[in-house]
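First up is the structure itself, then whatever we jot down about it.
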Amino acid sequence: MADITKIIKTVEQNLFLPKQLFSCEFNPTLGHYVYGIGYSIIGDCSILSCGCCISESLYHDIIKVTKNELIHCPVCKSKNVSVIGPVKPLRSLYYQIQSFKNIPGNKDLDRADYLIQKENEMLVKDTTHISEAQLPSFTVNNDMKNAKIASEPIRFQSTPSKCTIQQKDTVSSKDIQRNKTSLLNLFFKVATQVNSQEGINPERSVTTQGDIIRDMALISVHPQRSHSNNHEKKSDFASELVSLTNKSNTIATEPLSQESNRGQLKLIKNNTNNVKPLISSNFDEKKEYYFANCFPLYRKRHTFKTHSKFLKTKSKLFINTTISPNCSMFALISKHKWEVYSIPADLIKASPSLLFCGRNTGEYGKSFESLNPFDPSILINKNDKIVWGEYVYCKLSEDLLVISDTRNSIQVFDLNQDGKMIYYYCSKYHVRCIDIDQSGKIIACGIVGKDRKTNVEQALITLHRIDRNKMTSQYEFLSPITIALPYRDPINTIQLSMDGLYLTCSTTMESRFLIISLRNVNEPRLIMKSLRSIDTSLESEGITDTKLFPGNSNLMCVTSTAFNSPPIIINTKIEDISNLRSVAQPSLLNKFADLGNKIHKCEISPRNDSIAFLDKNGSVYLVCAPNMIDHEKKRTVIVEMVADAYRAHESASMKFSSDGHVLYILDRKGVLYVEDFAYDLPQNSEITKCKEINQ
């Protein structure tokens, strides 16, 4: 019985997780709440979107105190996390242990022994920014009785990611590491049982287990490096012009090196595996199982046409397309019209339908037959005369549609008001590209301006900040901020990261690509710059897309359309900047030469293990690898063939679903392609196989 008792106690340590909230104070320096957390054996284990496991009651307690729908993780400090769902195997394990303790013959695990075990539990508090004098006494509520335990002095080292706890009868770091390993083995055991129940052959099981190991590595808990701009020097913004031509920017820009030392590759491999995937809160174990068996070779194809062909020979073409961040809507614009369609959750039962539409004269509504007139009350100066131009670019957030036209105006439409225009801004200079962040708080515009004194052209970026009135919940647009880049080369592309903390852009003639930090949006800072030595002839479009990996700003994908310029992945090194005035110089990590030299766009999966590429001819490639550096484990397939495009801004739009299961593609003919990799097992007759490219 003593051996059984020891085994039960060892297994029970897998349930030793964050359980209770002792304190919660807002830290204005960090900009978020600081929690005091107590660890204990829990029976309501749930997993967060960052991959950490905590008590579900603890999550709801934090929500009640902070009154926020999205919080930061009390374990790994990741921001804007939410509950994905319960961890059913761990909850079942808890009740099995409790039922075993209640057996009359088990005297070794009676209530007295259980209370002693509770008294020896390590109570860890999130005290990185709280002094020892602020640590209060707290009470631990057990199932048997209330035992008041006075907190003993707890001392932390200066390193945030490591802490030394001086307390009697505590669990050692080796025990904690052993518990994590046991928890991982528990997930593998459950996955093996699922495979045996589904009747998968042994050869397929080997591949499935490798996929499970890859996914578990992605959701493992790792400390994140904190970013602070507390010591940044404030500038005078009276002229609303922020110049990035400071002393640090006089460093000569170096082209990407073709060689990377092995030490850097090893570091990036570790960083890639430590990335927390931005998976959806609607976690579905069945879909995850299908995805592990199908991705990237098997998928269910759905195709929807928004407009039927006319004259039976030619389809209607649109100037620009976009898909919303949550993949619930998509937008199409022609020269004089815009349309927004819905994307149903179940594409088998329903098809995309028109939600809102409008014309370039400010009219809007739910159909072109019944449009509402333009409301001139949004104009700041009522005497202004609007000269409507032809539409050029469009972008979607969760609730807003942003369109730019040939008259250099930026128009914002509220999709919660049937597509009513709520903001109109006309620039004095040519607008070359636009983007809006996922939350709809920042609109970035790349424009070409002229210096007032020398009349020389200069690359400018305008940031339009969006806020909500706390009383009326109406959108408010603050005065735009203009950033002057230290180059005369016009901006070609502009992209905001998913979290809105970084802005990437590229130039036209010299093929430069830059990263600007927006952690303090009022004080943007140039933190990385480099260039590609590629062809700049008239047929070349130069750099066509720049995207940071979701949740991992150390990795960035750059595509281009020019001779001998395949897509590449670089190490930005922006997290290694020690001096606030220094600028990172990136290094080359990988080059996808097998994809060719005519890539218009790229889209990175929230799982950080695959990238979709769109070439000029309309071929959609999917490159899948556990990390984006190792060529041996890389697989490349052709997912779809869509409408081709002569220029990058006319090419199709791509977007992964929040869980990475589905890839949405919208081409300029108004055709929506849905590639579902988690629909069913490959044995289903509706599942088709992608064409694999030989390496």
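Just so we're on the same page: first chain in the structure tokens is A, next is B, and so on; residues restart at 1 for each chain, and ligands are numbered from 1 in the order they show up.
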Write out as a count of residues only which residues come within 6 Å of stretch 443-460 of chain A when counting only C-alpha atoms, dropping same-chain ones fewer than 3 positions away. 16
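Between atom CA of A:Glu285 and atom CA of A:Tyr664 there is a distance of 21.7 Å.
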